[in-house]
file model38.tsv (TSV, C-alpha atoms)
chain	number	residue	atom	x	y	z
A	1	MET	CA	36.95	-36.88	-4.33
A	2	ASN	CA	36.79	-33.09	-4.55
A	3	GLU	CA	40.02	-31.33	-3.65
A	4	LEU	CA	39.75	-27.90	-2.09
A	5	HIS	CA	39.98	-25.25	-4.77
A	6	ASP	CA	43.31	-23.48	-5.18
A	7	ILE	CA	43.75	-20.34	-3.10
A	8	PRO	CA	46.83	-18.17	-2.57
A	9	GLU	CA	49.38	-19.38	-0.05
A	10	GLY	CA	48.97	-16.27	2.09
A	11	MET	CA	45.25	-16.85	2.46
A	12	ARG	CA	45.83	-20.53	3.14
A	13	ARG	CA	48.14	-19.62	6.03
A	14	GLN	CA	45.53	-17.23	7.43
A	15	LEU	CA	42.80	-19.89	7.22
A	16	ASP	CA	44.98	-22.67	8.61
A	17	SER	CA	45.87	-20.75	11.75
A	18	PRO	CA	44.00	-21.32	15.03
A	19	SER	CA	40.52	-19.81	15.07
A	20	PHE	CA	41.65	-16.88	17.24
A	21	GLN	CA	44.06	-15.78	14.51
A	22	GLY	CA	43.69	-14.81	10.90
A	23	LEU	CA	40.49	-14.15	8.99
A	24	ALA	CA	37.25	-14.90	10.86
A	25	THR	CA	35.31	-17.00	8.36
A	26	PHE	CA	32.94	-19.81	9.26
A	27	GLY	CA	34.93	-22.96	9.87
A	28	GLN	CA	37.99	-21.08	8.54
A	29	GLN	CA	36.81	-21.77	5.03
A	30	PRO	CA	37.67	-19.47	2.10
A	31	PHE	CA	35.88	-16.12	2.00
A	32	VAL	CA	34.21	-15.00	-1.21
A	33	THR	CA	32.12	-11.91	-1.87
A	34	GLU	CA	31.06	-12.02	-5.54
A	35	PRO	CA	28.50	-14.32	-7.17
A	36	GLU	CA	30.97	-14.86	-10.02
A	37	GLN	CA	33.37	-16.42	-7.54
A	38	LEU	CA	30.75	-19.05	-6.80
A	39	ASP	CA	30.73	-19.94	-10.49
A	40	LEU	CA	34.49	-20.32	-10.46
A	41	ILE	CA	34.79	-22.30	-7.24
A	42	LYS	CA	31.58	-24.36	-7.49
A	43	PRO	CA	31.25	-25.16	-3.78
A	44	HIS	CA	28.76	-27.65	-2.40
A	45	ILE	CA	27.81	-25.30	0.44
A	46	ALA	CA	27.94	-21.53	0.93
A	47	VAL	CA	27.62	-20.07	4.42
A	48	ILE	CA	25.77	-16.74	4.66
A	49	GLY	CA	25.40	-14.46	7.66
A	50	ALA	CA	22.10	-12.67	8.25
A	51	PRO	CA	22.71	-10.24	11.13
A	52	TRP	CA	19.11	-9.10	11.74
A	53	ASP	CA	17.34	-9.10	15.12
A	54	ASP	CA	14.91	-6.17	14.95
A	55	SER	CA	11.97	-8.61	15.04
A	56	THR	CA	12.90	-9.95	18.48
A	57	THR	CA	10.27	-9.91	21.25
A	58	ASN	CA	12.43	-10.32	24.36
A	59	ARG	CA	16.24	-10.07	24.55
A	60	PRO	CA	17.92	-8.59	21.45
A	61	GLY	CA	21.43	-9.38	20.28
A	62	ALA	CA	21.12	-12.14	17.67
A	63	ARG	CA	22.49	-9.71	15.07
A	64	PHE	CA	25.88	-10.55	16.57
A	65	GLY	CA	25.34	-14.31	16.09
A	66	PRO	CA	26.97	-14.65	12.65
A	67	ARG	CA	30.17	-12.94	13.78
A	68	ALA	CA	30.34	-14.99	16.97
A	69	LEU	CA	29.84	-18.26	15.09
A	70	ARG	CA	32.76	-17.32	12.85
A	71	ALA	CA	35.11	-15.90	15.46
A	72	ASN	CA	34.31	-17.35	18.89
A	73	ALA	CA	33.86	-21.08	18.25
A	74	TYR	CA	37.14	-22.91	18.66
A	75	ASN	CA	38.40	-25.08	15.80
A	76	PRO	CA	37.35	-28.66	16.65
A	77	GLY	CA	39.26	-30.36	13.84
A	78	THR	CA	37.82	-31.67	10.59
A	79	TYR	CA	37.83	-35.49	10.90
A	80	HIS	CA	34.44	-36.83	11.97
A	81	LEU	CA	35.18	-39.63	14.44
A	82	ASP	CA	31.79	-41.37	14.24
A	83	LEU	CA	31.42	-41.15	10.47
A	84	GLY	CA	35.08	-41.78	9.64
A	85	VAL	CA	35.35	-38.95	7.13
A	86	GLU	CA	37.74	-36.05	6.66
A	87	ILE	CA	35.06	-33.44	6.04
A	88	PHE	CA	36.75	-30.98	3.71
A	89	GLU	CA	38.41	-33.62	1.56
A	90	HIS	CA	34.94	-34.29	0.17
A	91	LEU	CA	32.85	-31.22	0.96
A	92	LYS	CA	33.72	-27.88	-0.62
A	93	VAL	CA	32.53	-24.98	1.55
A	94	VAL	CA	32.91	-21.22	1.23
A	95	ASP	CA	31.91	-18.33	3.44
A	96	PHE	CA	29.83	-16.02	1.23
A	97	GLY	CA	29.81	-13.17	3.71
A	98	ASP	CA	26.74	-11.40	5.04
A	99	ALA	CA	23.47	-10.12	3.71
A	100	ILE	CA	23.79	-6.39	4.42
A	101	THR	CA	20.72	-5.50	6.46
A	102	SER	CA	19.32	-2.07	7.34
A	103	HIS	CA	18.48	-1.60	11.01
A	104	GLY	CA	14.80	-1.05	11.68
A	105	LEU	CA	13.85	-1.64	8.02
A	106	TRP	CA	12.44	-5.13	7.55
A	107	GLU	CA	11.48	-5.01	3.87
A	108	PRO	CA	14.90	-4.00	2.49
A	109	SER	CA	16.59	-6.33	4.97
A	110	LYS	CA	14.35	-9.20	3.94
A	111	LYS	CA	15.23	-8.51	0.30
A	112	ALA	CA	18.95	-8.40	1.09
A	113	ILE	CA	18.76	-11.81	2.78
A	114	TYR	CA	16.66	-13.26	-0.04
A	115	ASP	CA	19.01	-11.92	-2.71
A	116	ARG	CA	22.11	-13.28	-0.97
A	117	VAL	CA	20.60	-16.74	-0.60
A	118	LYS	CA	19.22	-16.63	-4.14
A	119	HIS	CA	22.73	-16.15	-5.55
A	120	VAL	CA	23.55	-19.50	-3.92
A	121	THR	CA	20.41	-21.53	-4.63
A	122	SER	CA	20.23	-20.46	-8.28
A	123	ARG	CA	23.64	-22.10	-8.76
A	124	GLY	CA	22.63	-25.41	-7.21
A	125	ILE	CA	24.63	-24.68	-4.05
A	126	THR	CA	23.20	-25.51	-0.62
A	127	PRO	CA	22.94	-22.46	1.66
A	128	VAL	CA	23.73	-22.51	5.37
A	129	ILE	CA	22.41	-19.35	6.99
A	130	LEU	CA	23.66	-17.94	10.29
A	131	GLY	CA	21.05	-15.81	12.09
A	132	GLY	CA	19.89	-13.45	13.27
A	133	ASP	CA	16.42	-13.86	14.73
A	134	HIS	CA	14.04	-16.40	13.27
A	135	SER	CA	12.39	-13.95	10.89
A	136	VAL	CA	15.51	-14.49	8.73
A	137	THR	CA	14.20	-17.93	7.78
A	138	PHE	CA	11.31	-16.43	5.77
A	139	PRO	CA	13.41	-14.90	2.95
A	140	ALA	CA	16.01	-17.67	3.17
A	141	VAL	CA	13.62	-20.58	2.78
A	142	THR	CA	11.67	-18.71	0.10
A	143	ALA	CA	14.80	-18.60	-2.07
A	144	VAL	CA	15.34	-22.32	-1.46
A	145	ALA	CA	11.72	-23.24	-2.18
A	146	GLU	CA	11.70	-21.23	-5.40
A	147	GLU	CA	14.63	-23.26	-6.67
A	148	HIS	CA	13.01	-26.62	-5.95
A	149	GLY	CA	9.36	-25.66	-6.40
A	150	PHE	CA	6.81	-24.50	-3.82
A	151	GLY	CA	5.48	-27.58	-2.05
A	152	ASN	CA	8.54	-29.69	-2.86
A	153	VAL	CA	10.43	-28.80	0.34
A	154	ALA	CA	9.47	-29.98	3.83
A	155	MET	CA	10.36	-27.72	6.75
A	156	ILE	CA	12.04	-29.48	9.68
A	157	HIS	CA	11.69	-26.74	12.30
A	158	PHE	CA	13.48	-27.15	15.65
A	159	ASP	CA	12.20	-24.67	18.22
A	160	ALA	CA	10.83	-24.29	21.72
A	161	HIS	CA	8.11	-22.11	20.16
A	162	ALA	CA	5.92	-22.67	17.09
A	163	ASP	CA	6.35	-19.05	15.84
A	164	THR	CA	2.89	-19.20	14.27
A	165	ALA	CA	1.28	-16.13	15.85
A	166	TYR	CA	-1.00	-14.06	13.61
A	167	GLU	CA	0.80	-10.99	14.94
A	168	LEU	CA	2.57	-9.91	18.12
A	169	GLU	CA	1.84	-6.45	19.50
A	170	GLY	CA	0.77	-5.36	16.04
A	171	ASN	CA	3.93	-6.66	14.40
A	172	PHE	CA	3.19	-9.07	11.56
A	173	ALA	CA	6.94	-9.45	10.91
A	174	SER	CA	7.77	-10.58	14.45
A	175	HIS	CA	10.08	-13.53	14.81
A	176	GLY	CA	7.17	-15.18	16.63
A	177	ALA	CA	4.95	-14.92	13.54
A	178	MET	CA	7.30	-15.85	10.72
A	179	MET	CA	6.39	-19.51	10.36
A	180	ARG	CA	2.82	-18.40	9.69
A	181	ARG	CA	4.10	-15.90	7.11
A	182	ILE	CA	6.06	-18.68	5.38
A	183	ILE	CA	2.98	-20.90	5.24
A	184	GLU	CA	0.73	-18.05	4.04
A	185	SER	CA	3.21	-17.26	1.26
A	186	GLY	CA	2.92	-20.77	-0.15
A	187	ALA	CA	6.69	-21.35	-0.05
A	188	ILE	CA	6.26	-24.16	2.49
A	189	PRO	CA	2.60	-25.20	2.86
A	190	GLY	CA	1.38	-26.07	6.34
A	191	ASP	CA	1.15	-29.78	5.58
A	192	ARG	CA	4.89	-29.74	4.77
A	193	PHE	CA	5.76	-28.40	8.25
A	194	LEU	CA	7.29	-30.67	10.92
A	195	GLN	CA	8.03	-28.90	14.21
A	196	LEU	CA	10.30	-30.56	16.78
A	197	GLY	CA	10.99	-29.67	20.40
A	198	LEU	CA	7.95	-27.50	21.16
A	199	ARG	CA	7.25	-26.98	24.85
A	200	GLY	CA	6.20	-24.43	27.43
A	201	TYR	CA	3.21	-22.13	27.47
A	202	TRP	CA	2.85	-20.38	24.10
A	203	PRO	CA	1.22	-19.96	21.59
A	204	GLY	CA	-2.37	-20.19	22.85
A	205	GLU	CA	-5.46	-22.03	21.68
A	206	GLU	CA	-6.38	-19.65	18.84
A	207	ASP	CA	-3.02	-20.17	17.15
A	208	GLN	CA	-3.11	-23.89	17.96
A	209	LYS	CA	-6.44	-24.10	16.13
A	210	TRP	CA	-4.89	-22.38	13.09
A	211	MET	CA	-2.02	-24.87	13.13
A	212	ARG	CA	-4.41	-27.82	13.23
A	213	GLU	CA	-6.44	-26.39	10.36
A	214	ASN	CA	-3.26	-25.98	8.29
A	215	LYS	CA	-2.09	-29.54	9.07
A	216	LEU	CA	1.22	-28.76	10.77
A	217	LYS	CA	2.78	-31.83	12.40
A	218	HIS	CA	4.21	-31.43	15.89
A	219	TYR	CA	6.70	-33.49	17.87
A	220	MET	CA	6.56	-32.02	21.38
A	221	MET	CA	9.39	-32.44	23.88
A	222	GLN	CA	6.89	-34.48	25.88
A	223	GLU	CA	6.80	-37.04	23.06
A	224	PHE	CA	10.59	-37.24	22.87
A	225	TRP	CA	10.64	-37.78	26.64
A	226	GLU	CA	7.95	-40.46	26.59
A	227	ARG	CA	8.90	-42.43	23.44
A	228	GLY	CA	12.62	-41.78	23.13
A	229	ILE	CA	14.74	-39.90	20.61
A	230	GLN	CA	15.34	-42.66	18.05
A	231	ALA	CA	11.70	-43.71	17.76
A	232	VAL	CA	10.47	-40.16	17.24
A	233	VAL	CA	13.19	-39.31	14.73
A	234	THR	CA	12.30	-42.43	12.73
A	235	ASP	CA	8.75	-41.09	12.50
A	236	VAL	CA	9.99	-37.61	11.55
A	237	ILE	CA	12.00	-39.03	8.65
A	238	LYS	CA	9.07	-41.13	7.46
A	239	GLU	CA	6.71	-38.13	7.60
A	240	ALA	CA	9.18	-35.80	5.86
A	241	LYS	CA	9.68	-38.22	2.99
A	242	ALA	CA	5.93	-38.65	2.61
A	243	ARG	CA	5.34	-34.92	2.47
A	244	ALA	CA	8.05	-33.64	0.12
A	245	PRO	CA	11.14	-34.88	-1.79
A	246	LYS	CA	13.43	-32.22	-0.26
A	247	ALA	CA	13.94	-30.86	3.25
A	248	TYR	CA	15.06	-27.61	4.87
A	249	ILE	CA	16.31	-27.73	8.45
A	250	SER	CA	15.79	-24.61	10.56
A	251	ILE	CA	17.08	-24.52	14.13
A	252	ASP	CA	16.20	-21.96	16.76
A	253	ILE	CA	18.98	-22.49	19.28
A	254	ASP	CA	16.41	-22.21	22.08
A	255	VAL	CA	15.35	-25.76	21.18
A	256	LEU	CA	18.32	-26.71	23.35
A	257	ASP	CA	17.78	-26.49	27.08
A	258	PRO	CA	19.02	-23.08	28.31
A	259	GLY	CA	21.55	-24.89	30.46
A	260	PHE	CA	23.30	-25.67	27.17
A	261	ALA	CA	22.26	-22.53	25.27
A	262	PRO	CA	21.83	-19.54	27.60
A	263	ALA	CA	22.69	-17.07	24.82
A	264	THR	CA	19.31	-16.65	23.18
A	265	GLY	CA	16.46	-14.19	23.32
A	266	THR	CA	13.66	-16.44	24.62
A	267	PRO	CA	15.15	-19.31	26.68
A	268	GLU	CA	12.69	-22.07	27.66
A	269	PRO	CA	13.67	-24.79	30.16
A	270	GLY	CA	13.15	-28.43	29.29
A	271	GLY	CA	14.80	-28.66	25.88
A	272	PHE	CA	17.17	-30.99	24.11
A	273	ALA	CA	20.68	-31.81	25.28
A	274	PRO	CA	23.43	-31.38	22.65
A	275	ILE	CA	24.30	-35.10	22.78
A	276	ASP	CA	20.88	-35.83	21.30
A	277	LEU	CA	20.36	-32.90	18.95
A	278	LEU	CA	23.75	-33.34	17.28
A	279	ARG	CA	22.89	-36.92	16.40
A	280	ILE	CA	19.38	-36.00	15.27
A	281	ILE	CA	20.84	-33.48	12.80
A	282	ARG	CA	23.35	-36.07	11.58
A	283	ARG	CA	20.68	-38.68	11.00
A	284	LEU	CA	18.26	-36.30	9.27
A	285	THR	CA	21.02	-35.17	6.91
A	286	LEU	CA	22.07	-38.72	6.10
A	287	GLU	CA	18.51	-39.92	5.43
A	288	LEU	CA	16.82	-36.89	3.83
A	289	ASP	CA	17.74	-34.70	0.86
A	290	VAL	CA	18.50	-31.53	2.82
A	291	VAL	CA	18.74	-28.52	0.50
A	292	GLY	CA	18.91	-25.71	3.06
A	293	PHE	CA	20.02	-25.30	6.67
A	294	ASP	CA	19.97	-22.49	9.19
A	295	VAL	CA	20.76	-21.80	12.84
A	296	MET	CA	18.99	-18.82	14.38
A	297	GLU	CA	18.68	-16.82	17.60
A	298	VAL	CA	22.26	-17.07	18.93
A	299	ALA	CA	22.70	-13.87	20.96
A	300	PRO	CA	26.31	-14.05	22.21
A	301	ALA	CA	26.05	-11.21	24.75
A	302	TYR	CA	24.23	-13.62	27.08
A	303	ASP	CA	26.66	-16.49	26.63
A	304	HIS	CA	28.93	-18.07	29.20
A	305	ALA	CA	32.28	-19.49	28.08
A	306	ASP	CA	30.96	-19.54	24.48
A	307	VAL	CA	28.88	-22.62	25.32
A	308	THR	CA	25.97	-21.58	23.09
A	309	VAL	CA	28.24	-20.56	20.23
A	310	ASN	CA	30.11	-23.86	20.31
A	311	ASN	CA	26.92	-25.92	20.48
A	312	ALA	CA	25.42	-23.98	17.55
A	313	HIS	CA	28.66	-24.33	15.58
A	314	ARG	CA	28.72	-28.10	16.09
A	315	LEU	CA	25.16	-28.46	14.80
A	316	ILE	CA	26.43	-27.04	11.51
A	317	TRP	CA	29.54	-29.23	11.75
A	318	GLU	CA	27.29	-32.29	12.01
A	319	PHE	CA	25.48	-31.16	8.86
A	320	PHE	CA	28.84	-30.77	7.13
A	321	GLY	CA	30.03	-34.16	8.35
A	322	ALA	CA	26.93	-35.98	7.15
A	323	LYS	CA	27.05	-34.24	3.76
A	324	ALA	CA	30.73	-35.19	3.43
A	325	LYS	CA	29.89	-38.81	4.30
A	326	LEU	CA	27.23	-38.90	1.57
A	327	LEU	CA	29.74	-37.56	-0.97
A	328	LYS	CA	32.41	-40.02	0.14
A	329	ASP	CA	30.03	-42.95	-0.15
A	330	ALA	CA	29.05	-41.77	-3.62
A	331	GLY	CA	32.72	-41.77	-4.61
A	332	LYS	CA	32.97	-37.99	-4.87

call {"tool": "encode", "arguments": {"input": "model38.tsv", "output": "structure tokens"}}
result
Amino acid sequence: MNELHDIPEGMRRQLDSPSFQGLATFGQQPFVTEPEQLDLIKPHIAVIGAPWDDSTTNRPGARFGPRALRANAYNPGTYHLDLGVEIFEHLKVVDFGDAITSHGLWEPSKKAIYDRVKHVTSRGITPVILGGDHSVTFPAVTAVAEEHGFGNVAMIHFDAHADTAYELEGNFASHGAMMRRIIESGAIPGDRFLQLGLRGYWPGEEDQKWMRENKLKHYMMQEFWERGIQAVVTDVIKEAKARAPKAYISIDIDVLDPGFAPATGTPEPGGFAPIDLLRIIRRLTLELDVVGFDVMEVAPAYDHADVTVNNAHRLIWEFFGAKAKLLKDAGK
């Protein structure tokens, strides 16, 4: 069992207070700023904020997602009732602050995100990235894939939209084009892509043809509705294992139905309910070797009663809980 690293009593009191008091870190976990601190603490997971939303096509505001996920989600406790594990007795987590982005400047912002995540992955630590719009996933997953080898990581992409446009309104760095950029880069080849929750009316046939040619695998909401959650997830796990030894989970919060996640830039009716998505994330984490995780597109200005923030927070909490269960079962 891994005990939480020693921190000063004053900081411990700040972190142990209710979430509306003290330092706003993700999950009220210790805040570190320097890569050298990662070497000293040796956490299993480092949370990184990526407050960038200049690639958004509809409603902006996801740049405020990382702060909201740290400050607005109430503290739910740390004992996972279903898994029977006290999460932070086994899982060591730190908040590694934010990648400092430059508004309107994608290339330096992309580098800042990549560099921040690279500090984590190069030390064998699993990154959890708080977006930001979905363009953030490009530099984040690139840093992860470099550590494990291009082609050795499968992308488990939860989204209402495929984000595989060639360009949008002349913008090749749009959040609606970034999955194509990832595939074109070679970091995650198309035949390592599994997309879950797609629905609605976009992208069109030209982009669909490109996706077929590049062997992306889709699990539409229609399939979840027809076949049932458990059956489809069993197939997802089988496909992921066949395609790559590692997995990266990327969640656009609009994969949830907007009744459960109104605070996002491109809401699309007909999505998952939290009761199902939480358990999907838990099962994927327990059965796959997940080496990177992100939650994107939380735009808190459009929220009601912090419902989106709390649902997004709990998706990460499920990832934490499953990782802690794996460590507990391994006697760590």

call {"tool": "closest_residue", "arguments": {"input": "model38.tsv", "among": "A:Ala160, A:Val295, A:Ile237, A:Ala330", "to": "A:Asp257", "atoms": "only C-alpha atoms"}}
result
A:Ala160

call {"tool": "closest_residue", "arguments": {"input": "model38.tsv", "among": "A:Leu256, A:Ala247, A:Thr264, A:Glu287", "to": "A:Pro300", "atoms": "only C-alpha atoms"}}
result
A:Thr264

call {"tool": "closest_residue", "arguments": {"input": "model38.tsv", "among": "A:Leu216, A:Ala240, A:Ala162, A:Leu284", "to": "A:Leu315", "atoms": "all atoms listed in the file"}}
result
A:Leu284

call {"tool": "closest_atom_pairs", "arguments": {"input": "model38.tsv", "of": "stretch 11-108 of chain A", "to": "stretch 128-147 of chain A", "cutoff": "10 Å", "atoms": "only C-alpha atoms", "output": "CSV"}}
result
residue,atom,partner,partner_atom,distance
A:Phe26,CA,A:Leu130,CA,9.5
A:Ile45,CA,A:Val128,CA,7.0
A:Ala46,CA,A:Val128,CA,6.2
A:Val47,CA,A:Val128,CA,4.7
A:Ile48,CA,A:Ile129,CA,4.9
A:Gly49,CA,A:Leu130,CA,4.7
A:Ala50,CA,A:Gly131,CA,5.1
A:Pro51,CA,A:Gly132,CA,4.8
A:Trp52,CA,A:Gly132,CA,4.7
A:Asp53,CA,A:Asp133,CA,4.9
A:Asp54,CA,A:Asp133,CA,7.8
A:Ser55,CA,A:Ser135,CA,6.8
A:Thr56,CA,A:Asp133,CA,6.5
A:Thr57,CA,A:Asp133,CA,9.8
A:Pro60,CA,A:Asp133,CA,8.7
A:Gly61,CA,A:Gly132,CA,8.3
A:Ala62,CA,A:Gly132,CA,4.8
A:Arg63,CA,A:Gly132,CA,4.9
A:Phe64,CA,A:Gly132,CA,7.4
A:Gly65,CA,A:Gly131,CA,6.1
A:Pro66,CA,A:Leu130,CA,5.2
A:Arg67,CA,A:Leu130,CA,8.9
A:Ala68,CA,A:Leu130,CA,9.9
A:Leu69,CA,A:Leu130,CA,7.8
A:Arg70,CA,A:Leu130,CA,9.5
A:Val93,CA,A:Val128,CA,9.9
A:Asp95,CA,A:Val128,CA,9.4
A:Phe96,CA,A:Val128,CA,9.8
A:Asp98,CA,A:Leu130,CA,8.9
A:Ala99,CA,A:Ile129,CA,9.9
A:Trp106,CA,A:Ser135,CA,9.4

call {"tool": "closest_atom_pairs", "arguments": {"input": "model38.tsv", "of": "stretch 89-207 of chain A", "to": "stretch 266-271 of chain A", "cutoff": "10 Å", "atoms": "all atoms listed in the file", "output": "JSON lines"}}
result
{"residue": "A:Asp159", "atom": "CA", "partner": "A:Gly271", "partner_atom": "CA", "distance": 9.0}
{"residue": "A:Ala160", "atom": "CA", "partner": "A:Glu268", "partner_atom": "CA", "distance": 6.6}
{"residue": "A:His161", "atom": "CA", "partner": "A:Glu268", "partner_atom": "CA", "distance": 8.8}
{"residue": "A:Gly197", "atom": "CA", "partner": "A:Gly271", "partner_atom": "CA", "distance": 6.8}
{"residue": "A:Leu198", "atom": "CA", "partner": "A:Gly271", "partner_atom": "CA", "distance": 8.4}
{"residue": "A:Arg199", "atom": "CA", "partner": "A:Gly270", "partner_atom": "CA", "distance": 7.5}
{"residue": "A:Gly200", "atom": "CA", "partner": "A:Glu268", "partner_atom": "CA", "distance": 6.9}
{"residue": "A:Tyr201", "atom": "CA", "partner": "A:Glu268", "partner_atom": "CA", "distance": 9.5}

call {"tool": "write_last_selection", "arguments": {"input": "model38.tsv", "atoms": "C-alpha atoms", "output": "PDB file, in the frame of the given file"}}
result
ATOM      1  CA  ASP A 159      12.200 -24.670  18.220  1.00  0.00           C
ATOM      2  CA  ALA A 160      10.830 -24.290  21.720  1.00  0.00           C
ATOM      3  CA  HIS A 161       8.110 -22.110  20.160  1.00  0.00           C
ATOM      4  CA  GLY A 197      10.990 -29.670  20.400  1.00  0.00           C
ATOM      5  CA  LEU A 198       7.950 -27.500  21.160  1.00  0.00           C
ATOM      6  CA  ARG A 199       7.250 -26.980  24.850  1.00  0.00           C
ATOM      7  CA  GLY A 200       6.200 -24.430  27.430  1.00  0.00           C
ATOM      8  CA  TYR A 201       3.210 -22.130  27.470  1.00  0.00           C
TER       9      TYR A 201
END

call {"tool": "atom_distance", "arguments": {"input": "model38.tsv", "atom1": "atom CA of A:Asn152", "atom2": "atom CA of A:His119"}}
result
19.8 Å

call {"tool": "closest_residue", "arguments": {"input": "model38.tsv", "among": "A:Phe20, A:Tyr79, A:Phe150, A:Tyr74", "to": "A:Arg192", "atoms": "all atoms listed in the file"}}
result
A:Phe150

call {"tool": "atom_distance", "arguments": {"input": "model38.tsv", "atom1": "atom CA of A:Phe293", "atom2": "atom CA of A:Ile156"}}
result
9.5 Å

call {"tool": "closest_atom_pairs", "arguments": {"input": "model38.tsv", "of": "stretch 111-205 of chain A", "to": "stretch 210-214 of chain A", "cutoff": "9 Å", "atoms": "only C-alpha atoms", "output": "JSON lines"}}
result
{"residue": "A:Thr164", "atom": "CA", "partner": "A:Met211", "partner_atom": "CA", "distance": 7.6}
{"residue": "A:Arg180", "atom": "CA", "partner": "A:Met211", "partner_atom": "CA", "distance": 8.8}
{"residue": "A:Ile183", "atom": "CA", "partner": "A:Asn214", "partner_atom": "CA", "distance": 8.6}
{"residue": "A:Pro189", "atom": "CA", "partner": "A:Asn214", "partner_atom": "CA", "distance": 8.0}
{"residue": "A:Gly190", "atom": "CA", "partner": "A:Asn214", "partner_atom": "CA", "distance": 5.0}
{"residue": "A:Asp191", "atom": "CA", "partner": "A:Asn214", "partner_atom": "CA", "distance": 6.4}
{"residue": "A:Glu205", "atom": "CA", "partner": "A:Trp210", "partner_atom": "CA", "distance": 8.6}

call {"tool": "closest_residue", "arguments": {"input": "model38.tsv", "among": "A:Ile251, A:Leu326, A:Val232, A:Leu91", "to": "A:His44", "atoms": "all atoms listed in the file"}}
result
A:Leu91

call {"tool": "residues_around", "arguments": {"input": "model38.tsv", "residues": "A:Gly321", "least_positions_apart": "5", "cutoff": "10 Å", "atoms": "only C-alpha atoms", "output": "PyMOL selection string"}}
result
chain A and resi 78-88+90-91+282+285-286+314-316+326-327

call {"tool": "residues_around", "arguments": {"input": "model38.tsv", "residues": "A:Gly265", "least_positions_apart": "3", "cutoff": "7 Å", "atoms": "only C-alpha atoms", "output": "list in words"}}
result
Asn58, Arg59, Pro60, Glu297 and Ala299 of chain A

call {"tool": "closest_residue", "arguments": {"input": "model38.tsv", "among": "A:Ala71, A:Val255, A:Ile125, A:Ile280", "to": "A:Ala231", "atoms": "only C-alpha atoms"}}
result
A:Ile280

call {"tool": "atom_distance", "arguments": {"input": "model38.tsv", "atom1": "atom CA of A:Tyr248", "atom2": "atom CA of A:His157"}}
result
8.2 Å

call {"tool": "axis_aligned_box", "arguments": {"input": "model38.tsv", "around": "stretch 107-116 of chain A", "padding_each_side": "6 Å", "output": "AutoDock Vina command-line options"}}
result
--center_x 16.8 --center_y -8.6 --center_z 1.1 --size_x 22.6 --size_y 21.3 --size_z 19.7
